[in-house]
$ cat model-v4.pdb   # PDB, C-alpha atoms
ATOM      1  CA  MET A   1      -7.842  -0.407  -5.664
ATOM      2  CA  ALA A   2      -9.914   0.528  -2.641
ATOM      3  CA  PHE A   3     -11.716  -2.300  -0.877
ATOM      4  CA  ILE A   4     -15.180  -1.673   0.550
ATOM      5  CA  ASN A   5     -16.149  -4.178   3.235
ATOM      6  CA  GLN A   6     -19.932  -4.163   3.639
ATOM      7  CA  LYS A   7     -19.773  -6.557   6.563
ATOM      8  CA  LYS A   8     -17.471  -4.454   8.741
ATOM      9  CA  LYS A   9     -18.672  -1.192   7.137
ATOM     10  CA  GLU A  10     -15.061  -0.390   6.385
ATOM     11  CA  VAL A  11     -13.208   1.128   3.439
ATOM     12  CA  GLN A  12      -9.484   0.563   2.889
ATOM     13  CA  VAL A  13      -7.647   3.058   0.712
ATOM     14  CA  LYS A  14      -4.042   3.041  -0.549
ATOM     15  CA  ILE A  15      -2.187   6.324  -0.902
ATOM     16  CA  VAL A  16       1.370   6.395  -2.241
ATOM     17  CA  TYR A  17       3.970   9.140  -1.768
ATOM     18  CA  TYR A  18       5.994   9.246  -4.993
ATOM     19  CA  GLY A  19       8.904  11.401  -6.121
ATOM     20  CA  PRO A  20      12.666  11.615  -6.682
ATOM     21  CA  GLY A  21      15.188  10.165  -4.202
ATOM     22  CA  ARG A  22      15.977  12.204  -1.097
ATOM     23  CA  GLY A  23      12.922  14.357  -1.767
ATOM     24  CA  GLY A  24      11.271  13.868   1.660
ATOM     25  CA  LYS A  25       8.680  11.102   1.149
ATOM     26  CA  THR A  26       9.754   9.120   4.202
ATOM     27  CA  THR A  27      10.073  12.363   6.204
ATOM     28  CA  ASN A  28       6.406  13.110   5.410
ATOM     29  CA  LEU A  29       5.357   9.752   6.868
ATOM     30  CA  GLU A  30       7.606  10.174   9.898
ATOM     31  CA  TYR A  31       6.118  13.593  10.626
ATOM     32  CA  ILE A  32       2.569  12.206  10.325
ATOM     33  CA  TYR A  33       3.460   9.290  12.583
ATOM     34  CA  ASN A  34       4.969  11.539  15.260
ATOM     35  CA  LYS A  35       2.079  13.984  15.149
ATOM     36  CA  PHE A  36      -0.685  11.393  15.297
ATOM     37  CA  ASN A  37       0.993   8.552  17.178
ATOM     38  CA  HIS A  38      -1.751   8.657  19.812
ATOM     39  CA  ARG A  39      -4.157   7.552  17.060
ATOM     40  CA  ILE A  40      -1.849   5.130  15.256
ATOM     41  CA  LYS A  41      -1.626   1.792  16.976
ATOM     42  CA  THR A  42       1.299   0.377  15.044
ATOM     43  CA  GLU A  43       4.866   1.339  14.140
ATOM     44  CA  ILE A  44       5.926   2.539  10.711
ATOM     45  CA  VAL A  45       7.053  -0.440   8.665
ATOM     46  CA  ALA A  46      10.202   0.564   6.793
ATOM     47  CA  ILE A  47      12.286  -1.597   4.491
ATOM     48  CA  LYS A  48      15.565   0.315   4.268
ATOM     49  CA  THR A  49      19.103  -0.173   2.957
ATOM     50  CA  HIS A  50      22.043  -0.102   5.375
ATOM     51  CA  GLY A  51      22.501   3.510   4.328
ATOM     52  CA  ASP A  52      19.014   4.299   5.668
ATOM     53  CA  ARG A  53      17.515   4.815   2.215
ATOM     54  CA  THR A  54      14.128   3.321   1.351
ATOM     55  CA  LEU A  55      14.703  -0.015  -0.396
ATOM     56  CA  PHE A  56      11.143  -1.208  -0.980
ATOM     57  CA  PHE A  57       8.586   0.950   0.829
ATOM     58  CA  ASP A  58       7.518   2.546   4.094
ATOM     59  CA  PHE A  59       4.032   1.751   5.316
ATOM     60  CA  LEU A  60       1.813   3.527   7.825
ATOM     61  CA  PRO A  61      -1.824   2.506   8.423
ATOM     62  CA  PHE A  62      -4.003   5.312   9.700
ATOM     63  CA  ASN A  63      -7.631   5.332  10.847
ATOM     64  CA  ILE A  64      -9.431   8.578  10.166
ATOM     65  CA  GLY A  65     -12.836   7.722  11.588
ATOM     66  CA  LYS A  66     -16.160   7.431   9.819
ATOM     67  CA  ILE A  67     -16.912   8.635   6.294
ATOM     68  CA  LYS A  68     -20.509   8.161   5.157
ATOM     69  CA  GLY A  69     -20.953   5.508   7.826
ATOM     70  CA  TYR A  70     -17.824   3.592   6.845
ATOM     71  CA  ASP A  71     -14.682   3.288   8.966
ATOM     72  CA  ALA A  72     -11.982   4.723   6.722
ATOM     73  CA  LYS A  73      -8.628   2.989   6.971
ATOM     74  CA  ILE A  74      -5.971   4.861   5.061
ATOM     75  CA  GLN A  75      -2.782   3.021   4.154
ATOM     76  CA  LEU A  76       0.087   5.408   3.463
ATOM     77  CA  TYR A  77       3.034   4.081   1.472
ATOM     78  CA  THR A  78       6.228   5.598   0.102
ATOM     79  CA  VAL A  79       8.227   4.283  -2.831
ATOM     80  CA  PRO A  80      12.023   4.131  -3.083
ATOM     81  CA  GLY A  81      12.961   7.268  -5.027
ATOM     82  CA  GLN A  82      16.289   6.135  -6.413
ATOM     83  CA  VAL A  83      16.223   5.471 -10.162
ATOM     84  CA  LYS A  84      17.741   1.978  -9.805
ATOM     85  CA  TYR A  85      14.843   0.704  -7.699
ATOM     86  CA  ASN A  86      12.189   0.978 -10.391
ATOM     87  CA  ALA A  87      11.230  -2.713 -10.196
ATOM     88  CA  THR A  88      10.175  -2.421  -6.547
ATOM     89  CA  ARG A  89       8.797   1.101  -7.046
ATOM     90  CA  SER A  90       6.325  -0.096  -9.637
ATOM     91  CA  LEU A  91       5.203  -2.945  -7.329
ATOM     92  CA  VAL A  92       4.184  -0.471  -4.619
ATOM     93  CA  LEU A  93       1.872   1.280  -7.085
ATOM     94  CA  ARG A  94      -0.263  -1.817  -7.488
ATOM     95  CA  GLY A  95      -3.829  -0.986  -6.449
ATOM     96  CA  VAL A  96      -3.017   2.663  -5.657
ATOM     97  CA  ASP A  97      -6.021   4.965  -5.083
ATOM     98  CA  GLY A  98      -4.328   8.339  -4.620
ATOM     99  CA  ILE A  99      -0.838   9.821  -5.066
ATOM    100  CA  VAL A 100       1.157  12.594  -3.421
ATOM    101  CA  PHE A 101       4.042  13.630  -5.668
ATOM    102  CA  VAL A 102       6.764  15.019  -3.383
ATOM    103  CA  ALA A 103       8.916  17.254  -5.569
ATOM    104  CA  ASP A 104      12.278  18.556  -4.387
ATOM    105  CA  ALA A 105      12.230  22.365  -4.583
ATOM    106  CA  MET A 106      16.038  22.668  -4.757
ATOM    107  CA  THR A 107      17.081  24.220  -8.085
ATOM    108  CA  VAL A 108      19.655  21.456  -8.657
ATOM    109  CA  ARG A 109      16.915  18.800  -8.498
ATOM    110  CA  GLN A 110      14.702  20.216 -11.237
ATOM    111  CA  ASP A 111      15.576  17.505 -13.772
ATOM    112  CA  LYS A 112      15.133  14.731 -11.175
ATOM    113  CA  ASN A 113      11.563  15.922 -10.492
ATOM    114  CA  ILE A 114      10.689  15.871 -14.176
ATOM    115  CA  LEU A 115      12.207  12.389 -14.671
ATOM    116  CA  SER A 116      10.380  11.031 -11.623
ATOM    117  CA  LEU A 117       7.040  12.425 -12.793
ATOM    118  CA  GLU A 118       7.591  10.830 -16.189
ATOM    119  CA  ASN A 119       8.459   7.560 -14.434
ATOM    120  CA  LEU A 120       5.207   7.781 -12.443
ATOM    121  CA  ARG A 121       3.268   8.221 -15.670
ATOM    122  CA  GLU A 122       4.958   5.113 -17.160
ATOM    123  CA  ASN A 123       4.520   2.969 -14.048
ATOM    124  CA  LEU A 124       0.832   3.866 -13.731
ATOM    125  CA  SER A 125       0.301   2.874 -17.333
ATOM    126  CA  LEU A 126       1.572  -0.640 -16.428
ATOM    127  CA  TYR A 127      -1.596  -0.911 -14.315
ATOM    128  CA  LYS A 128      -3.699   0.756 -17.014
ATOM    129  CA  LYS A 129      -4.092   3.898 -14.933
ATOM    130  CA  SER A 130      -3.723   7.435 -16.139
ATOM    131  CA  ILE A 131      -1.891  10.164 -14.246
ATOM    132  CA  SER A 132      -4.536  12.649 -15.388
ATOM    133  CA  LYS A 133      -7.381  10.600 -13.865
ATOM    134  CA  ILE A 134      -6.026   9.327 -10.549
ATOM    135  CA  PRO A 135      -6.380  11.627  -7.492
ATOM    136  CA  LEU A 136      -3.039  13.475  -7.317
ATOM    137  CA  VAL A 137      -1.556  16.256  -5.174
ATOM    138  CA  PHE A 138       1.837  17.950  -5.595
ATOM    139  CA  GLN A 139       3.959  18.854  -2.618
ATOM    140  CA  TYR A 140       6.895  21.183  -3.256
ATOM    141  CA  ASN A 141       9.139  20.217  -0.391
ATOM    142  CA  LYS A 142      12.178  21.729   1.365
ATOM    143  CA  MET A 143      10.892  25.316   1.375
ATOM    144  CA  ASP A 144      12.686  25.742   4.735
ATOM    145  CA  LEU A 145      16.045  25.598   2.920
ATOM    146  CA  ALA A 146      15.530  29.149   1.575
ATOM    147  CA  GLU A 147      16.554  30.496   4.976
ATOM    148  CA  GLN A 148      19.912  28.787   4.617
ATOM    149  CA  GLY A 149      20.533  30.506   1.284
ATOM    150  CA  ILE A 150      20.128  27.314  -0.781
ATOM    151  CA  PRO A 151      18.769  28.163  -4.263
ATOM    152  CA  LEU A 152      15.162  26.968  -4.601
ATOM    153  CA  LEU A 153      12.806  26.817  -7.541
ATOM    154  CA  SER A 154       9.956  29.302  -7.271
ATOM    155  CA  TYR A 155       6.375  28.087  -6.835
ATOM    156  CA  GLU A 156       5.599  29.433 -10.329
ATOM    157  CA  THR A 157       8.516  27.526 -11.898
ATOM    158  CA  LEU A 158       7.509  24.293 -10.169
ATOM    159  CA  GLN A 159       3.908  24.755 -11.247
ATOM    160  CA  GLN A 160       5.029  25.494 -14.799
ATOM    161  CA  THR A 161       7.364  22.499 -15.118
ATOM    162  CA  LEU A 162       5.307  19.865 -13.278
ATOM    163  CA  ASN A 163       1.695  20.941 -12.991
ATOM    164  CA  SER A 164       0.908  23.069 -16.054
ATOM    165  CA  GLN A 165      -1.128  20.330 -17.733
ATOM    166  CA  LEU A 166      -2.343  18.287 -14.765
ATOM    167  CA  LYS A 167      -3.571  21.359 -12.833
ATOM    168  CA  VAL A 168      -3.993  19.485  -9.539
ATOM    169  CA  PRO A 169      -3.707  20.984  -6.029
ATOM    170  CA  ALA A 170      -0.158  21.849  -4.938
ATOM    171  CA  PHE A 171       1.359  22.757  -1.570
ATOM    172  CA  GLN A 172       4.622  24.431  -0.648
ATOM    173  CA  ALA A 173       5.921  22.432   2.269
ATOM    174  CA  SER A 174       8.675  21.500   4.639
ATOM    175  CA  ALA A 175       8.396  17.839   5.585
ATOM    176  CA  LEU A 176      11.160  18.311   8.148
ATOM    177  CA  LEU A 177       9.360  21.114   9.996
ATOM    178  CA  GLY A 178       5.886  19.810   9.234
ATOM    179  CA  THR A 179       4.729  22.821   7.227
ATOM    180  CA  ASN A 180       1.765  21.778   5.064
ATOM    181  CA  VAL A 181       2.451  18.053   5.603
ATOM    182  CA  VAL A 182      -0.931  17.432   7.231
ATOM    183  CA  GLN A 183      -2.691  19.713   4.724
ATOM    184  CA  THR A 184      -1.186  17.698   1.850
ATOM    185  CA  MET A 185      -2.368  14.460   3.433
ATOM    186  CA  LYS A 186      -5.848  15.795   4.152
ATOM    187  CA  LYS A 187      -6.180  16.987   0.567
ATOM    188  CA  ILE A 188      -5.245  13.653  -0.993
ATOM    189  CA  ILE A 189      -7.489  11.725   1.414
ATOM    190  CA  THR A 190     -10.430  14.005   0.598
ATOM    191  CA  MET A 191      -9.849  13.735  -3.152
ATOM    192  CA  THR A 192      -9.461   9.943  -2.989
ATOM    193  CA  LEU A 193     -12.564   9.386  -0.875
ATOM    194  CA  THR A 194     -14.545  11.759  -3.106
ATOM    195  CA  SER A 195     -13.563   9.602  -6.069
ATOM    196  CA  LEU A 196     -15.124   6.634  -4.212
ATOM    197  CA  GLN A 197     -18.265   8.504  -3.195
ATOM    198  CA  LYS A 198     -20.589   6.709  -5.590
ATOM    199  CA  GLU A 199     -19.484   3.286  -4.337
ATOM    200  CA  LEU A 200     -19.982   4.342  -0.708
ATOM    201  CA  GLU A 201     -23.590   5.432  -1.180
TER     202      GLU A 201
ATOM    203  CA  MET B   1     -11.534   2.360  -8.885
ATOM    204  CA  SER B   2     -12.782   0.123  -6.100
ATOM    205  CA  TYR B   3     -14.512  -3.160  -5.447
ATOM    206  CA  THR B   4     -17.093  -4.129  -2.856
ATOM    207  CA  LEU B   5     -17.817  -7.416  -1.114
ATOM    208  CA  GLY B   6     -21.131  -7.869   0.670
ATOM    209  CA  GLN B   7     -21.934  -9.432   4.013
ATOM    210  CA  LYS B   8     -23.045 -12.739   2.473
ATOM    211  CA  GLN B   9     -19.845 -13.232   0.478
ATOM    212  CA  LEU B  10     -17.649 -12.251   3.422
ATOM    213  CA  ASP B  11     -19.568 -14.566   5.770
ATOM    214  CA  SER B  12     -19.119 -17.466   3.330
ATOM    215  CA  ILE B  13     -15.390 -16.736   2.988
ATOM    216  CA  GLU B  14     -14.966 -16.645   6.769
ATOM    217  CA  ASP B  15     -16.923 -19.882   7.196
ATOM    218  CA  THR B  16     -14.698 -21.592   4.634
ATOM    219  CA  LEU B  17     -11.479 -20.353   6.224
ATOM    220  CA  ASN B  18     -12.724 -21.359   9.636
ATOM    221  CA  GLN B  19     -13.810 -24.862   8.642
ATOM    222  CA  ASP B  20     -10.865 -25.685   6.387
ATOM    223  CA  LEU B  21      -7.986 -23.998   8.186
ATOM    224  CA  ILE B  22      -8.671 -22.712  11.697
ATOM    225  CA  GLU B  23     -10.209 -26.044  12.697
ATOM    226  CA  LEU B  24      -7.109 -27.751  11.293
ATOM    227  CA  GLY B  25      -5.078 -25.946  13.945
ATOM    228  CA  VAL B  26      -3.580 -22.984  12.073
ATOM    229  CA  GLN B  27      -3.037 -19.931  14.204
ATOM    230  CA  CYS B  28      -4.077 -17.237  11.773
ATOM    231  CA  VAL B  29      -5.352 -16.992   8.204
ATOM    232  CA  VAL B  30      -5.659 -13.771   6.229
ATOM    233  CA  LEU B  31      -7.130 -13.208   2.774
ATOM    234  CA  ILE B  32      -5.664 -10.080   1.161
ATOM    235  CA  ASP B  33      -5.708  -8.416  -2.222
ATOM    236  CA  MET B  34      -2.541  -7.620  -4.130
ATOM    237  CA  ALA B  35      -2.770  -3.958  -3.106
ATOM    238  CA  GLY B  36      -2.276  -5.081   0.509
ATOM    239  CA  ASN B  37      -5.898  -4.627   1.669
ATOM    240  CA  ILE B  38      -7.313  -7.161   4.131
ATOM    241  CA  ILE B  39     -10.453  -8.938   2.917
ATOM    242  CA  ALA B  40     -10.895 -11.345   5.830
ATOM    243  CA  ASP B  41      -8.844 -12.436   8.813
ATOM    244  CA  LEU B  42      -9.426 -15.261  11.266
ATOM    245  CA  HIS B  43      -7.488 -16.302  14.333
ATOM    246  CA  SER B  44      -7.560 -19.193  16.721
ATOM    247  CA  GLY B  45      -7.734 -17.338  20.017
ATOM    248  CA  GLU B  46      -6.570 -13.775  20.331
ATOM    249  CA  MET B  47      -5.032 -11.819  17.468
ATOM    250  CA  ILE B  48      -1.396 -11.252  18.382
ATOM    251  CA  HIS B  49       0.047 -10.040  15.084
ATOM    252  CA  ASP B  50      -0.033  -6.667  13.338
ATOM    253  CA  ILE B  51      -1.937  -7.995  10.343
ATOM    254  CA  TYR B  52      -2.103  -4.647   8.505
ATOM    255  CA  ALA B  53       1.688  -4.525   8.339
ATOM    256  CA  LEU B  54       1.741  -8.235   7.516
ATOM    257  CA  ALA B  55      -0.694  -7.738   4.615
ATOM    258  CA  ALA B  56       1.318  -4.819   3.168
ATOM    259  CA  LEU B  57       4.556  -6.788   3.397
ATOM    260  CA  ALA B  58       3.004 -10.000   2.043
ATOM    261  CA  ALA B  59       1.586  -8.212  -1.010
ATOM    262  CA  GLY B  60       4.969  -6.583  -1.645
ATOM    263  CA  ASN B  61       6.817  -9.832  -1.057
ATOM    264  CA  TYR B  62       4.531 -11.763  -3.394
ATOM    265  CA  GLY B  63       4.958  -9.102  -6.078
ATOM    266  CA  ALA B  64       8.737  -9.198  -5.686
ATOM    267  CA  VAL B  65       8.905 -13.003  -5.855
ATOM    268  CA  SER B  66       6.648 -13.053  -8.941
ATOM    269  CA  ALA B  67       8.921 -10.505 -10.611
ATOM    270  CA  MET B  68      11.936 -12.709  -9.772
ATOM    271  CA  ALA B  69      10.159 -15.718 -11.309
ATOM    272  CA  LYS B  70       9.642 -13.816 -14.553
ATOM    273  CA  ILE B  71      13.326 -12.800 -14.681
ATOM    274  CA  ILE B  72      14.381 -16.466 -14.669
ATOM    275  CA  GLY B  73      11.697 -17.452 -17.176
ATOM    276  CA  GLU B  74       9.042 -18.899 -14.837
ATOM    277  CA  ASP B  75       5.432 -17.731 -14.774
ATOM    278  CA  GLU B  76       5.373 -17.960 -10.990
ATOM    279  CA  PHE B  77       6.709 -19.944  -8.050
ATOM    280  CA  SER B  78       3.937 -22.203  -6.888
ATOM    281  CA  LEU B  79       5.159 -22.751  -3.310
ATOM    282  CA  LEU B  80       5.878 -19.782  -1.091
ATOM    283  CA  PHE B  81       6.699 -20.874   2.396
ATOM    284  CA  HIS B  82       8.840 -19.387   5.181
ATOM    285  CA  LYS B  83       9.891 -21.674   8.002
ATOM    286  CA  GLY B  84      10.558 -20.332  11.484
ATOM    287  CA  GLN B  85      11.486 -22.077  14.721
ATOM    288  CA  LYS B  86       7.946 -22.017  16.111
ATOM    289  CA  GLU B  87       5.767 -20.346  13.477
ATOM    290  CA  ASN B  88       5.679 -20.678   9.716
ATOM    291  CA  ILE B  89       4.034 -18.660   6.959
ATOM    292  CA  HIS B  90       2.513 -20.089   3.804
ATOM    293  CA  PHE B  91       1.371 -17.903   0.895
ATOM    294  CA  SER B  92      -0.939 -19.116  -1.809
ATOM    295  CA  LYS B  93      -2.320 -17.246  -4.798
ATOM    296  CA  VAL B  94      -6.125 -17.382  -5.043
ATOM    297  CA  SER B  95      -6.270 -15.452  -8.320
ATOM    298  CA  SER B  96      -4.303 -12.664  -9.960
ATOM    299  CA  GLU B  97      -5.890 -10.279  -7.433
ATOM    300  CA  PHE B  98      -6.058 -12.241  -4.181
ATOM    301  CA  LEU B  99      -3.584 -13.969  -1.888
ATOM    302  CA  LEU B 100      -4.143 -16.274   1.097
ATOM    303  CA  ILE B 101      -1.678 -16.094   4.002
ATOM    304  CA  THR B 102      -1.604 -18.843   6.598
ATOM    305  CA  ILE B 103       0.413 -18.727   9.824
ATOM    306  CA  PHE B 104       0.816 -22.054  11.578
ATOM    307  CA  GLY B 105       2.925 -23.841  14.162
ATOM    308  CA  ASN B 106       5.035 -26.969  13.779
ATOM    309  CA  HIS B 107       2.207 -29.243  14.932
ATOM    310  CA  VAL B 108       0.485 -28.761  11.553
ATOM    311  CA  SER B 109       2.069 -30.716   8.698
ATOM    312  CA  LEU B 110       2.942 -28.668   5.627
ATOM    313  CA  GLY B 111       1.609 -31.320   3.263
ATOM    314  CA  PHE B 112      -1.798 -31.469   4.929
ATOM    315  CA  LEU B 113      -1.917 -27.680   5.151
ATOM    316  CA  ARG B 114      -1.246 -27.354   1.418
ATOM    317  CA  LEU B 115      -4.028 -29.803   0.692
ATOM    318  CA  LYS B 116      -6.510 -27.898   2.852
ATOM    319  CA  VAL B 117      -5.380 -24.521   1.470
ATOM    320  CA  THR B 118      -6.017 -25.797  -2.059
ATOM    321  CA  GLU B 119      -9.504 -26.914  -1.076
ATOM    322  CA  ALA B 120     -10.265 -23.603   0.622
ATOM    323  CA  ILE B 121      -9.040 -21.653  -2.402
ATOM    324  CA  GLU B 122     -11.364 -23.542  -4.741
ATOM    325  CA  LYS B 123     -14.309 -22.638  -2.490
ATOM    326  CA  ILE B 124     -13.235 -18.998  -2.216
ATOM    327  CA  LYS B 125     -12.940 -18.741  -5.982
ATOM    328  CA  LYS B 126     -16.538 -19.877  -6.290
ATOM    329  CA  ILE B 127     -17.687 -17.372  -3.676
ATOM    330  CA  LEU B 128     -15.819 -14.545  -5.419
ATOM    331  CA  GLU B 129     -16.959 -15.852  -8.816
ATOM    332  CA  ILE B 130     -13.463 -15.776 -10.283
TER     333      ILE B 130
END

$ encode --input "model-v4.pdb" --output "C-alpha cells"
Amino acid sequence: MAFINQKKKEVQVKIVYYGPGRGGKTTNLEYIYNKFNHRIKTEIVAIKTHGDRTLFFDFLPFNIGKIKGYDAKIQLYTVPGQVKYNATRSLVLRGVDGIVFVADAMTVRQDKNILSLENLRENLSLYKKSISKIPLVFQYNKMDLAEQGIPLLSYETLQQTLNSQLKVPAFQASALLGTNVVQTMKKIITMTLTSLQKELE
Amino acid sequence: MSYTLGQKQLDSIEDTLNQDLIELGVQCVVLIDMAGNIIADLHSGEMIHDIYALAALAAGNYGAVSAMAKIIGEDEFSLLFHKGQKENIHFSKVSSEFLLITIFGNHVSLGFLRLKVTEAIEKIKKILEI
C-alpha cells in the first residue's frame, strides 16, 4: 500500500519480484544495484540461508527522482521462491503495489512457473487483492541459456501458459547479463505510479 | 491502493514522538506501516542508521513473530524487545497497520520507555483516527 507523505512531498511504493525458486529474482536486484549503485546510498539487504538461497526477502530502496512534484522512493523486494517458504513469502506481499513475475524460461521449469503463479494468486487473495487488478509485469528470464543449447520455452508458449488471460506486458530477459532487466523495472514502476496518479494530483 | 497523510497530521505525530520519546532520551523513533514504509522518523542528534532497511526488516520481523504467535495459539506477543550491549530496540503495534520502533541506550529504563510508548501510541491513534 503506497504511502503518500504530503509533508515531505514523498511517495513510497513497494514492488515485489515474485516467481519460482532459482528463477533469477535476486539476480535482477543485484544487477539493478550494480548498475545504479552511484544513485543507491545503501547496500542490498538480503536474508539468506547458508546455501545462499533467499530465506525471507532481499530489499533494495531506490530513489527515482520527482514524479508530479513528489519524490518517488521505490522499495524493491524479492520473495523466497522455494515452495516450503510460503509463510514468509506471503508476508513480503503485505502492502505490495506492483509485481514483477520472474518466470524461468527453461523447458524443465514450466510446471514450477505455473504453480508459482497460482501461489501468487492465492497469496494476494489473503490481502484481498486480485492478480488481474494489481500492476503486474512478466519477465521470461534466462534467455541467454539458448546459446548453451539448453532447451527453453518459446515466448509464445510462455505467453500462452502464463499470460493468456492476464494480458500484461512481458519481457524476454537475462538477469545475469542484464538484458531487459532495467526495462522490466521501468515498466512496473511506470504502471504502479500510473495506478496512483489520482492520489498524486 | 494508497493512503495519504497531510502536513498537519504528520506534524502532530512528530510533535508527539518528540515530546514523549526523544525528550525521554531515546536515540531514534520510527513510525512505519506494515508494508515497511516510513511514516515519520525522529532522531536525537544525527541519523546514523539506515532506517529504510530497518523499516523493511522490522515490518518483516513483526509479521513473522505474529505468524509464530498464531501457530502456538496466541493472538500476538505483546512485548517485542531486542537487547544489545549498548543499544536496544523496542517494537510496539499502534494498530493492525502501523508499528512504532524505538531505539534506545541502556540509560533509559525499559519500564519507563514502555509507559511512554503506550502514551504516545494513544495520542497517535487519535491523530490517525484509528

$ residues_around --input "model-v4.pdb" --residues "A:Ala175" --least-positions-apart "4" --cutoff "9 Å" --atoms "only C-alpha atoms" --output "list in words"
Gly24, Lys25, Thr26, Thr27, Asn28, Leu29, Glu30, Tyr31, Asn141, Lys142, Met143, Thr179, Asn180 and Val181 of chain A

$ closest_residue --input "model-v4.pdb" --among "A:Gly69, A:Gly23, A:Gly95, A:Pro80" --to "chain B" --atoms "all atoms listed in the file"
A:Gly95

$ closest_residue --input "model-v4.pdb" --among "B:Leu17, B:Val29, B:Ile22, B:Glu97" --to "chain A" --atoms "all atoms listed in the file"
B:Glu97

$ resolve_selection --input "model-v4.pdb" --expression "the ChimeraX specification (/B :<9) & /A" --output "PDB file with C-alpha atoms, in the frame of the given file"
ATOM      1  CA  MET A   1      -7.842  -0.407  -5.664  1.00  0.00           C
ATOM      2  CA  ALA A   2      -9.914   0.528  -2.641  1.00  0.00           C
ATOM      3  CA  PHE A   3     -11.716  -2.300  -0.877  1.00  0.00           C
ATOM      4  CA  ILE A   4     -15.180  -1.673   0.550  1.00  0.00           C
ATOM      5  CA  ASN A   5     -16.149  -4.178   3.235  1.00  0.00           C
ATOM      6  CA  GLN A   6     -19.932  -4.163   3.639  1.00  0.00           C
ATOM      7  CA  LYS A   7     -19.773  -6.557   6.563  1.00  0.00           C
ATOM      8  CA  LYS A   8     -17.471  -4.454   8.741  1.00  0.00           C
ATOM      9  CA  GLN A  12      -9.484   0.563   2.889  1.00  0.00           C
ATOM     10  CA  VAL A  13      -7.647   3.058   0.712  1.00  0.00           C
ATOM     11  CA  LYS A  14      -4.042   3.041  -0.549  1.00  0.00           C
ATOM     12  CA  THR A  42       1.299   0.377  15.044  1.00  0.00           C
ATOM     13  CA  GLU A  43       4.866   1.339  14.140  1.00  0.00           C
ATOM     14  CA  ILE A  44       5.926   2.539  10.711  1.00  0.00           C
ATOM     15  CA  VAL A  45       7.053  -0.440   8.665  1.00  0.00           C
ATOM     16  CA  PHE A  56      11.143  -1.208  -0.980  1.00  0.00           C
ATOM     17  CA  PHE A  57       8.586   0.950   0.829  1.00  0.00           C
ATOM     18  CA  PHE A  59       4.032   1.751   5.316  1.00  0.00           C
ATOM     19  CA  LEU A  60       1.813   3.527   7.825  1.00  0.00           C
ATOM     20  CA  PRO A  61      -1.824   2.506   8.423  1.00  0.00           C
ATOM     21  CA  GLN A  75      -2.782   3.021   4.154  1.00  0.00           C
ATOM     22  CA  ALA A  87      11.230  -2.713 -10.196  1.00  0.00           C
ATOM     23  CA  THR A  88      10.175  -2.421  -6.547  1.00  0.00           C
ATOM     24  CA  LEU A  91       5.203  -2.945  -7.329  1.00  0.00           C
ATOM     25  CA  VAL A  92       4.184  -0.471  -4.619  1.00  0.00           C
ATOM     26  CA  LEU A  93       1.872   1.280  -7.085  1.00  0.00           C
ATOM     27  CA  ARG A  94      -0.263  -1.817  -7.488  1.00  0.00           C
ATOM     28  CA  GLY A  95      -3.829  -0.986  -6.449  1.00  0.00           C
ATOM     29  CA  VAL A  96      -3.017   2.663  -5.657  1.00  0.00           C
ATOM     30  CA  ASP A  97      -6.021   4.965  -5.083  1.00  0.00           C
ATOM     31  CA  SER A 195     -13.563   9.602  -6.069  1.00  0.00           C
ATOM     32  CA  LEU A 196     -15.124   6.634  -4.212  1.00  0.00           C
ATOM     33  CA  GLU A 199     -19.484   3.286  -4.337  1.00  0.00           C
TER      34      GLU A 199
END

$ resolve_selection --input "model-v4.pdb" --expression "the PyMOL selection byres ((chain A and resi 71) around 9)" --output "PyMOL selection string"
chain A and resi 8-12+63-70+72-73

$ atom_distance --input "model-v4.pdb" --atom1 "atom CA of B:Gly111" --atom2 "atom CA of B:Gln19"
17.6 Å

$ residues_around --input "model-v4.pdb" --residues "B:Val108" --least-positions-apart "6" --cutoff "12 Å" --atoms "all atoms listed in the file" --output "PyMOL selection string"
chain B and resi 21-27+86-90+102+114-116

$ atom_distance --input "model-v4.pdb" --atom1 "atom CA of B:Ile51" --atom2 "atom CA of B:Leu80"
18.2 Å

$ atom_distance --input "model-v4.pdb" --atom1 "atom CA of B:Phe112" --atom2 "atom CA of B:Asp20"
10.9 Å

$ residues_near_point --input "model-v4.pdb" --point "(18.9, 9.1, -4.2)" --cutoff "9 Å" --atoms "only C-alpha atoms" --output "NGL selection string"
:A and (20-23 or 53 or 80-83)

$ residues_around --input "model-v4.pdb" --residues "A:Val16" --least-positions-apart "4" --cutoff "7 Å" --atoms "all atoms listed in the file" --output "VMD selection string"
chain A and resid 76 to 78 96 98 to 100

$ write_last_selection --input "model-v4.pdb" --atoms "C-alpha atoms" --output "CSV table (one decimal), in the frame of the given file"
chain,number,residue,atom,x,y,z
A,76,LEU,CA,0.1,5.4,3.5
A,77,TYR,CA,3.0,4.1,1.5
A,78,THR,CA,6.2,5.6,0.1
A,96,VAL,CA,-3.0,2.7,-5.7
A,98,GLY,CA,-4.3,8.3,-4.6
A,99,ILE,CA,-0.8,9.8,-5.1
A,100,VAL,CA,1.2,12.6,-3.4

$ resolve_selection --input "model-v4.pdb" --expression "the PyMOL selection byres ((chain A and resi 113) around 10)" --output "list of chain:residue names"
A:Gly19, A:Pro20, A:Gly21, A:Gly23, A:Phe101, A:Val102, A:Ala103, A:Asp104, A:Ala105, A:Met106, A:Val108, A:Arg109, A:Gln110, A:Asp111, A:Lys112, A:Ile114, A:Leu115, A:Ser116, A:Leu117, A:Glu118, A:Asn119, A:Leu158, A:Thr161, A:Leu162

$ write_last_selection --input "model-v4.pdb" --atoms "C-alpha atoms" --output "short mmCIF file (atom, residue, chain, number, x, y, z; two decimals), in the frame of the given file"
data_model
loop_
_atom_site.label_atom_id
_atom_site.label_comp_id
_atom_site.auth_asym_id
_atom_site.auth_seq_id
_atom_site.Cartn_x
_atom_site.Cartn_y
_atom_site.Cartn_z
CA GLY A 19 8.90 11.40 -6.12
CA PRO A 20 12.67 11.62 -6.68
CA GLY A 21 15.19 10.16 -4.20
CA GLY A 23 12.92 14.36 -1.77
CA PHE A 101 4.04 13.63 -5.67
CA VAL A 102 6.76 15.02 -3.38
CA ALA A 103 8.92 17.25 -5.57
CA ASP A 104 12.28 18.56 -4.39
CA ALA A 105 12.23 22.36 -4.58
CA MET A 106 16.04 22.67 -4.76
CA VAL A 108 19.66 21.46 -8.66
CA ARG A 109 16.92 18.80 -8.50
CA GLN A 110 14.70 20.22 -11.24
CA ASP A 111 15.58 17.50 -13.77
CA LYS A 112 15.13 14.73 -11.18
CA ILE A 114 10.69 15.87 -14.18
CA LEU A 115 12.21 12.39 -14.67
CA SER A 116 10.38 11.03 -11.62
CA LEU A 117 7.04 12.42 -12.79
CA GLU A 118 7.59 10.83 -16.19
CA ASN A 119 8.46 7.56 -14.43
CA LEU A 158 7.51 24.29 -10.17
CA THR A 161 7.36 22.50 -15.12
CA LEU A 162 5.31 19.86 -13.28
#
